[in-house]
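Novice: Could you have a look at this structure, given as structure tokens, before my questions?
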There are 4 protein chains.
Amino acid sequence: MDGAVTDAAVLDALVAAEAALTRAYGTLGAAPRAQVDAVCAALGWVGAGSPAAGHGIAPAEVAAAAVAGGNPVIPLVALLQARVPDDARAWVHRGATSQDILDSALMLVARRAALETAATLRRTGMALAGFAEANRDEVAAARTLTQHAVPTTLGLRAAAWLRGIERAAARVEEAALALPAQLGGAAGTLASFVEILGAEDASRLPVAFADELALSAPPAPWHTTRWPVTELGDALVQALDACGVLAADVATAARTEVGELTEGSRGASSAMPQKSNPTAAVLVRSAALRAPMLGATLHAASASACDERPDGAWHAEWPALRELLRLALGATAHAAALAEGLTVDHAAVARNVEATRGLLVAERLSLVLAPLLGRDAVARIVAAAAAGGDLANLVRDALPPDAGVDADALLDPAAYTGLAARLVDAAVTRSHREGDA
Amino acid sequence: MDGAVTDAAVLDALVAAEAALTRAYGTLGAAPRAQVDAVCAALGWVGAGSPAAGHGIAPAEVAAAAVAGGNPVIPLVALLQARVPDDARAWVHRGATSQDILDSALMLVARRAALETAATLRRTGMALAGFAEANRDEVAAARTLTQHAVPTTLGLRAAAWLRGIERAAARVEEAALALPAQLGGAAGTLASFVEILGAEDASRLPVAFADELALSAPPAPWHTTRWPVTELGDALVQALDACGVLAADVATAARTEVGELTEGSRGASSAMPQKSNPTAAVLVRSAALRAPMLGATLHAASASACDERPDGAWHAEWPALRELLRLALGATAHAAALAEGLTVDHAAVARNVEATRGLLVAERLSLVLAPLLGRDAVARIVAAAAAGGDLANLVRDALPPDAGVDADALLDPAAYTGLAARLVDAAVTRSHREGDA
Amino acid sequence: MDGAVTDAAVLDALVAAEAALTRAYGTLGAAPRAQVDAVCAALGWVGAGSPAAGHGIAPAEVAAAAVAGGNPVIPLVALLQARVPDDARAWVHRGATSQDILDSALMLVARRAALETAATLRRTGMALAGFAEANRDEVAAARTLTQHAVPTTLGLRAAAWLRGIERAAARVEEAALALPAQLGGAAGTLASFVEILGAEDASRLPVAFADELALSAPPAPWHTTRWPVTELGDALVQALDACGVLAADVATAARTEVGELTEGSRGASSAMPQKSNPTAAVLVRSAALRAPMLGATLHAASASACDERPDGAWHAEWPALRELLRLALGATAHAAALAEGLTVDHAAVARNVEATRGLLVAERLSLVLAPLLGRDAVARIVAAAAAGGDLANLVRDALPPDAGVDADALLDPAAYTGLAARLVDAAVTRSHREGDA
Amino acid sequence: MDGAVTDAAVLDALVAAEAALTRAYGTLGAAPRAQVDAVCAALGWVGAGSPAAGHGIAPAEVAAAAVAGGNPVIPLVALLQARVPDDARAWVHRGATSQDILDSALMLVARRAALETAATLRRTGMALAGFAEANRDEVAAARTLTQHAVPTTLGLRAAAWLRGIERAAARVEEAALALPAQLGGAAGTLASFVEILGAEDASRLPVAFADELALSAPPAPWHTTRWPVTELGDALVQALDACGVLAADVATAARTEVGELTEGSRGASSAMPQKSNPTAAVLVRSAALRAPMLGATLHAASASACDERPDGAWHAEWPALRELLRLALGATAHAAALAEGLTVDHAAVARNVEATRGLLVAERLSLVLAPLLGRDAVARIVAAAAAGGDLANLVRDALPPDAGVDADALLDPAAYTGLAARLVDAAVTRSHREGDA
């Protein structure tokens, strides 16, 4: 699932960023067309927004040299220049600093991985909307602080998952589309580019460069203003939060004693065939547990981005972002599979509704009967039922003949689900509307 | 600075939330005007969006009882009901669950503290814009990985601070204005409100309730979908990141050996009068170091918000959010004071530009002279200068008489600041435009 | 619960640290006895290892002044000196730096709070040992990945809680007892003390000072080597982890559908009397969720402790440590109450053992029957049982008459609990042994 | 540097764990010698405490299958059993659960990586001890809150680094040597092993198994009591803290304006030859910034380790521990190189001592002169010097002729370094003693 963020994918993006710079010089008329084409051919340029391909450089070639110098761009540029004809060589990496190339490449990688994450979230949302509609009126026990409280519906529970997932999808999309290219030269002044192109063309170069990478044009170099990274990080963590809530609820519902939900693709165990492990939920929960600390790492790096390039903070950022992207890709894929395969054991749902022998509507009894019977009388009824008495009989016995209250209707959990159906409809409608947009 | 988030402020917000619920019943015509007024009088209702005042309940009265039950609302409701005339008592807390009141109150507190934070960030931005304009062309050494790299300007460095601060201000405002009221009843179905009001009015109640608190109307109960909290948390952490970068740069510039900047209100030490501690920067850095983990705590809580009310996650959220709001209020106040009082030692800035005896423009020499003299010759010049030689003489000696290169201009750091001035102007213009908006 | 870490407690510890320094000068014969006594009287000295009392300074007096200067010691010293007779005044704070006093006071506070935490953990351990013994042979369903797997015993589950709690108690004790006093002067050289006392006596002063505070004597000033703080922090987080596991298991066991355990002091809800909220478990889980990020904050501060006093990291440490101590005091108290009041619903435990209608011993069937019947035959038996068949009949029918296997014994969950009883005995014995030591 | 924690290393450890289990059955006399030997040969057993080698299984073979089931052991066992002769096959993975093998393998990997980390820390400590001795009396400016405060020595600063590094080394060693093997069967009861071996031999099996892996014998299964992992994690984070302090101080000292220290292997930049990037310090700082959140992740997982195997927490642990081991291996290697190559620019150190023109000893003037001249007179002298006056002349002019104070000696920074030399000697002696032990 993590093809988008492998070492090879990062290398391809680095090479694409170098090619994009050369192409940007070409767009501005500074680099001759033939030399631009020669560079593109040597570097395996594929097209705007795509990683390079076919350049023939192996990640391991770059990795070893990268550790010594603290970044992979310096050895990579040497390898690339060696592949380019002499007369075009000067246009490779011209005027750029390592951070320009690394940040731009990483944004290219991040944009693709984040958009894939968002798409998978949308797919998850569609499945959840379907589940919510299908189970719109399935009465279930609502649980607060682990205890059955009042009735709800499976549909409403799914609608809550759905809102979380869709909000996260929108945030991830927004952050991904805002990711800017980076081009500032050694210290963010673009002085080298002004030297090469003059001020007017230098001020156009970042836009042209960003276009070649299908990234946003940066209003200014952001070597030390890292909010594009933290905003994406926050959105990804939010996505994992939303998947985590879904997974936590599914894991609970899958418990042997609860048994309301099972994942479609339950892993069979030959030794313990009674088990139906909620494997996808487990993997999602694992990712959701880790994500907040990765987001925090991005913020800690951002807050330390001092000088014109910091002495450690920038280097801490990428491993954390990459791991977060990897988690997001994996967890959203598991969440989508989970949502698409979710199966309801209706009998278990109904059995659980009855587990407290009618007391799931105790709150309603207080509201309806207290004005008729007094609070003390209601408390006595409920206590008797909690001690094993038959709640329906207790209620019927207590009601005055002329009360005009239908005890059966009063005790029906399905009649005490409030606005659940409306809330499901609103969430599903909103989801469909966003899906169309 | 943290008046907005004290125990007393939270209590006043809780009481306001209870009053707002009664008022919302009044707005829908369910609660009689006189009873609503009686409740408002007893609870010290002040007005939409304001904490209550004058209710006469002390935080300590509520706190002790709160620990036993796990939340302060249950004992508070008892105290409030005792202050309300008998005939109005039923309209206090009617149909609500503790989380409805707590979440709404905390959003009221959070909204006010966050908007104050944003306003202070805007004030900081104004000061930084002024600083950037005033020092637009002040040439300074840019530092990467702790080393002097190329020239920049103090104005450009301040423009970077400015962009970070203003972006954060916008995010905090956006998140604060989106904070919703909470109203869902025991498990988010609003069943109790439907029982009391019928479905139509029950569906209008959350909107009326939100209006009384000047909070956003929630599209649905969000007992377990906590993104309003994490989105605010992320924005606050982003604000502290931005302040942290400013503070880190000021702390570096205040170092005895660097000496470029001092805080206006330098603390005098009688025993060590040579010290000029950058106290505000130190306090901001301290806050910026802590903030990411508080943001992560909010996400960890959000990702665990299972069932219809979770068994611990919700309780973990508020202490973390409150501490984060407190940090944000404090750190932005310090940052504003710092920005408003920032003083430049121009002699120190100039001295540091010369610290590498002309080599701050070594990159430019490579760009300009290599085509004329060859890379090896340039390398020899630069190496000779690094070893102690006079760079200007070395360059003049190496240039052919007809090169048409003005060595003095070439070596002038002020002539190698690229687009710094343009970038300052753009940032300042944008800042003024946002300030007007 | 958090009396040990309130603002007032910290102030009392700061005053005690100042008095301890004067007393240490007295011990070395430098300060005259009468002047030492005058200082002790004015400052409310109580005794070695105790906070001061009766000095009459209010926390609010110090707090306001503290923010401006970045620490509370400078204003505090002025207040203290004003309370001391003229001739003794010079011995107050003599030669010390603010960090000496603050670190020492905080270690005094931390030591007391941590030892109280450890004692509460030991009390929790005693209760758990009793619970483990009492339920040593109570067969229960073991759950892995939410699913019933094989039999275990309640006693073994409690033994695991016990081991975690006792390990944490030992770690907290060890870290608390190692907490050192701090005494280094302005930059950790003790130069001021050498100036006052000469080198020999100056080298004895930190030991004398530590004795007065009942803290460890520091081998050297540790202004920027903060492992005493992080090691305590790590131990406290470990304590909260151990309490968290207990609480998570109790919360699960308290679920309406599981129903195996209830907290002794179940909160009654008038509106929803069927609920028995595991309130202590919820509060412990909340604390356990937050603790890791507080521990991480201490490490982040420690890793940034540069120069001879850092520009922010030190200031970030204390709020995090104090919150962690507060969490530990609260959560261990809740955990102790939980452990002491834990009640078993034996019928529910037995019902859950039977929930998979005998298949809880499926693993055993594979081990015992596969050699007799072949793996495929066993798989068929188990599958038939999983589909609703009677497992005992299926096994009996499949066994050859001469197999010598007692089907009832084979299927008895109590006969497949392995070393559970031995492991319980070992844990309980070890616990008693540690309790005696 | 991270060979010890690669995918291949983990696979080799998993295979070793499987072989160790078979060997443990052999040790107890249960598995025939020939079958044990056949398994060892097929699995590439190398020896106690060593990963397996030569088994011929590729990580990618296992990885793909692992995702589906949530752990790699199930597919691995199938691959291994296929390589073993029919009659020995039953002894592979017999009675074990996946977590037994995974935990044991990971402890094997962690132990080796942690011991390598500790050894590198010891090497770093030796270099720092040498540096401290060599620069024992090199007077330097001590800096607090970024400002020159009083004199210290380079030796004392290095002694602080040394104490931090050696304490961390001891903690890492202690935690590594305590890492236990895991053997509990499906739910930690060892029921399967009792079935196979009887209770007596089953209780000996974990010890025999641990011996084969050169791990500690576990007192009980620790499937859900994860302190061995968090204690190692805490020690590793502590190691990165200690390296981080060293790196932060070196990075500051390497600043162009400070210039006191350079790394031995300074990266040359052709374009900006004036730069001497402290690359090792930058990489160490980057690792130190990330480590606390990885430690926090381990704690968050530990605190959630519910049931007999949790639904996500355990899966979150290993990626975090592995990344933390990788960081520790890398950062300690960089720290060792840094410590071994650290070069002092003595002229810069001396220049910085003089940067405040004598006021570095202002604290001493207060101590010595105030009794002679009064506090006000001293304050006037110091203020005049701070304003540009010659401090020596000011002091000489103020001293009465008969004061008996040698102004030159009084103002000599080398005469105001307190116990610095003693503290260096103590730290170095202690270091050598530990090195011998």
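Letters for chains follow the order of the structure tokens (A, B, ...), residue numbers begin at 1 for each chain, and ligand numbers begin at 1 in the order shown.
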Leaving out range 8-19 of chain B and any residue of its chain fewer than 2 positions from it, which residues lie within 7 Å of it when counting only C-alpha atoms, given as a PyMOL selection string?
Specialist: chain B and resi 4-6+21-23+39-40+43+45+51-53+59+92-93+101-102+104-106+108-109
Novice: Please produce a file of those selected residues containing C-alpha atoms, as an mmCIF file, in the first residue's frame.
Specialist:
data_model
loop_
_atom_site.group_PDB
_atom_site.id
_atom_site.type_symbol
_atom_site.label_atom_id
_atom_site.label_comp_id
_atom_site.auth_asym_id
_atom_site.auth_seq_id
_atom_site.Cartn_x
_atom_site.Cartn_y
_atom_site.Cartn_z
ATOM 1 C CA ALA B 4 -10.124 33.386 30.160
ATOM 2 C CA VAL B 5 -9.376 29.809 31.173
ATOM 3 C CA THR B 6 -9.348 29.829 34.969
ATOM 4 C CA LEU B 21 -30.632 25.948 27.419
ATOM 5 C CA THR B 22 -33.479 27.406 29.416
ATOM 6 C CA ARG B 23 -33.525 30.441 27.125
ATOM 7 C CA VAL B 39 -33.723 31.194 35.712
ATOM 8 C CA CYS B 40 -31.627 33.853 33.988
ATOM 9 C CA LEU B 43 -27.957 32.048 37.166
ATOM 10 C CA TRP B 45 -27.149 35.417 32.644
ATOM 11 C CA PRO B 51 -20.038 33.699 30.687
ATOM 12 C CA ALA B 52 -22.539 34.061 33.498
ATOM 13 C CA ALA B 53 -21.745 36.386 36.381
ATOM 14 C CA PRO B 59 -15.471 26.834 41.960
ATOM 15 C CA VAL B 92 -32.945 23.840 34.315
ATOM 16 C CA HIS B 93 -30.848 21.210 32.517
ATOM 17 C CA ILE B 101 -23.350 21.354 29.071
ATOM 18 C CA LEU B 102 -19.657 20.685 29.513
ATOM 19 C CA SER B 104 -20.839 23.798 25.190
ATOM 20 C CA ALA B 105 -19.293 25.622 28.110
ATOM 21 C CA LEU B 106 -15.816 24.612 27.096
ATOM 22 C CA LEU B 108 -17.559 29.093 24.926
ATOM 23 C CA VAL B 109 -14.361 29.354 26.943
#
Novice: DSSP on the backbone: which residues in range 16-74 of chain D end up as helix (DSSP H, G or I)? Give the answer as an MDAnalysis selection string.
Specialist: chainID D and resid 16:27 33:43 59:69 73:74
Novice: Considering only C-alpha atoms, give me a table of residues in chain D that are at most 7 Å from chain A, with the closest atom pair and distance in Å for each, as a tab-separated table.
Specialist:
residue	atom	partner	partner_atom	distance
D:Gly69	CA	A:Gly267	CA	6.8
D:Gly70	CA	A:Thr279	CA	6.4
D:Gly267	CA	A:Gly69	CA	6.8
D:Thr279	CA	A:Gly70	CA	6.4
D:Val282	CA	A:Gly312	CA	4.5
D:Leu283	CA	A:Gly312	CA	6.0
D:Arg285	CA	A:Gly312	CA	5.1
D:Ser286	CA	A:Gly312	CA	4.3
D:Ala287	CA	A:Ala316	CA	6.7
D:Leu289	CA	A:Ala316	CA	6.9
D:Arg290	CA	A:Thr297	CA	6.0
D:Met293	CA	A:Met293	CA	5.3
D:Thr297	CA	A:Arg290	CA	6.0
D:Asp311	CA	A:Val282	CA	4.9
D:Gly312	CA	A:Ser286	CA	4.3
D:Ala313	CA	A:Ser286	CA	5.7
D:His315	CA	A:Ser286	CA	5.7
D:Ala316	CA	A:Ser286	CA	4.8
Novice: What separation in Å, quoted to one decimal, exists between CA of Ala426 in chain D and CA of Ala159 in chain D?
Specialist: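 Those two atoms sit 8.9 Å apart.
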Novice: At a cut-off of 8 Å, using only C-alpha atoms, what residues contact Ala24 in chain C? Leave out same-chain residues fewer than 2 positions from it and give the result as a VMD selection string.
Specialist: chain C and resid 20 to 22 26 to 28 205 208 to 209 212
Novice: Based on the selection just made, write N, CA and C atoms of those residues as a tab-separated table (two decimals), in the first residue's frame.
Specialist:
chain	number	residue	atom	x	y	z
C	20	ALA	N	17.15	25.94	53.97
C	20	ALA	CA	18.13	24.85	53.99
C	20	ALA	C	19.51	25.35	53.61
C	21	LEU	N	19.56	26.31	52.68
C	21	LEU	CA	20.87	26.85	52.30
C	21	LEU	C	21.51	27.58	53.48
C	22	THR	N	20.71	28.38	54.15
C	22	THR	CA	21.25	29.08	55.33
C	22	THR	C	21.72	28.05	56.38
C	26	GLY	N	25.34	27.17	58.16
C	26	GLY	CA	25.53	26.98	59.60
C	26	GLY	C	26.25	25.68	59.92
C	27	THR	N	25.87	24.63	59.26
C	27	THR	CA	26.50	23.33	59.49
C	27	THR	C	28.01	23.40	59.25
C	28	LEU	N	28.39	24.15	58.25
C	28	LEU	CA	29.82	24.27	57.93
C	28	LEU	C	30.52	25.29	58.83
C	205	LEU	N	29.43	22.02	50.75
C	205	LEU	CA	28.14	22.71	50.91
C	205	LEU	C	26.97	21.97	50.25
C	208	ALA	N	25.74	19.21	52.55
C	208	ALA	CA	25.03	19.73	53.72
C	208	ALA	C	23.65	20.24	53.33
C	209	PHE	N	23.59	20.90	52.20
C	209	PHE	CA	22.32	21.45	51.71
C	209	PHE	C	21.34	20.32	51.41
C	212	GLU	N	19.73	18.81	54.48
C	212	GLU	CA	18.66	19.60	55.09
C	212	GLU	C	17.33	19.39	54.36
Novice: Looking only at the backbone, which of the residues in range 11-192 of chain A does DSSP tag as strand (DSSP E or B), as a list of chain:residue names?
Specialist: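 So the strand (DSSP E or B) residues in range 11-192 of chain A would be A:Val139, A:Ala140, A:Ala141, A:Ala142, A:Arg143, A:Thr144, A:Gln147, A:His148, A:Ala149, A:Val150, A:Pro151, A:Thr152, A:Thr153, A:Pro180.
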Novice: Kindly save the residues from that selection, with N, CA and C atoms included, as a PDB file, in the first residue's frame.
Specialist:
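Okay, this is what ended up in again_9.pdb:
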ATOM      1  N   VAL A 139     -32.564  -0.556  15.611  1.00  0.00           N
ATOM      2  CA  VAL A 139     -32.418  -0.094  16.987  1.00  0.00           C
ATOM      3  C   VAL A 139     -31.310  -0.874  17.691  1.00  0.00           C
ATOM      4  N   ALA A 140     -30.478  -0.141  18.396  1.00  0.00           N
ATOM      5  CA  ALA A 140     -29.347  -0.762  19.092  1.00  0.00           C
ATOM      6  C   ALA A 140     -29.154  -0.058  20.424  1.00  0.00           C
ATOM      7  N   ALA A 141     -28.418  -0.711  21.289  1.00  0.00           N
ATOM      8  CA  ALA A 141     -28.122  -0.098  22.586  1.00  0.00           C
ATOM      9  C   ALA A 141     -27.028   0.941  22.412  1.00  0.00           C
ATOM     10  N   ALA A 142     -27.287   2.162  22.877  1.00  0.00           N
ATOM     11  CA  ALA A 142     -26.231   3.173  22.952  1.00  0.00           C
ATOM     12  C   ALA A 142     -25.471   2.957  24.240  1.00  0.00           C
ATOM     13  N   ARG A 143     -24.160   3.119  24.158  1.00  0.00           N
ATOM     14  CA  ARG A 143     -23.301   2.842  25.311  1.00  0.00           C
ATOM     15  C   ARG A 143     -22.547   4.098  25.720  1.00  0.00           C
ATOM     16  N   THR A 144     -22.632   4.450  26.977  1.00  0.00           N
ATOM     17  CA  THR A 144     -21.821   5.556  27.491  1.00  0.00           C
ATOM     18  C   THR A 144     -21.082   5.057  28.718  1.00  0.00           C
ATOM     19  N   GLN A 147     -21.568   1.451  29.520  1.00  0.00           N
ATOM     20  CA  GLN A 147     -22.849   0.936  29.977  1.00  0.00           C
ATOM     21  C   GLN A 147     -23.972   1.269  28.991  1.00  0.00           C
ATOM     22  N   HIS A 148     -24.894   0.338  28.846  1.00  0.00           N
ATOM     23  CA  HIS A 148     -26.086   0.631  28.055  1.00  0.00           C
ATOM     24  C   HIS A 148     -26.809   1.830  28.654  1.00  0.00           C
ATOM     25  N   ALA A 149     -27.149   2.795  27.808  1.00  0.00           N
ATOM     26  CA  ALA A 149     -27.737   4.033  28.319  1.00  0.00           C
ATOM     27  C   ALA A 149     -29.176   4.194  27.843  1.00  0.00           C
ATOM     28  N   VAL A 150     -29.343   4.404  26.553  1.00  0.00           N
ATOM     29  CA  VAL A 150     -30.658   4.589  25.934  1.00  0.00           C
ATOM     30  C   VAL A 150     -30.590   3.930  24.565  1.00  0.00           C
ATOM     31  N   PRO A 151     -31.706   3.839  23.838  1.00  0.00           N
ATOM     32  CA  PRO A 151     -31.620   3.289  22.484  1.00  0.00           C
ATOM     33  C   PRO A 151     -30.970   4.275  21.510  1.00  0.00           C
ATOM     34  N   THR A 152     -30.332   3.738  20.516  1.00  0.00           N
ATOM     35  CA  THR A 152     -29.892   4.517  19.353  1.00  0.00           C
ATOM     36  C   THR A 152     -30.156   3.634  18.145  1.00  0.00           C
ATOM     37  N   THR A 153     -29.575   3.973  17.006  1.00  0.00           N
ATOM     38  CA  THR A 153     -29.668   3.075  15.850  1.00  0.00           C
ATOM     39  C   THR A 153     -28.273   2.823  15.306  1.00  0.00           C
ATOM     40  N   PRO A 180       2.971  23.594  -1.590  1.00  0.00           N
ATOM     41  CA  PRO A 180       3.707  24.422  -2.538  1.00  0.00           C
ATOM     42  C   PRO A 180       5.033  23.802  -2.963  1.00  0.00           C
TER      43      PRO A 180
END
Novice: By how many Å are CA of Ala41 in chain D and CA of Pro75 in chain D apart?
Specialist: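 A separation of 19.8 Å between them.
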Novice: May I ask for the distance between CA of Ala421 in chain D and CA of Asn135 in chain D, given in Å to one decimal place?
Specialist: 9.8 Å
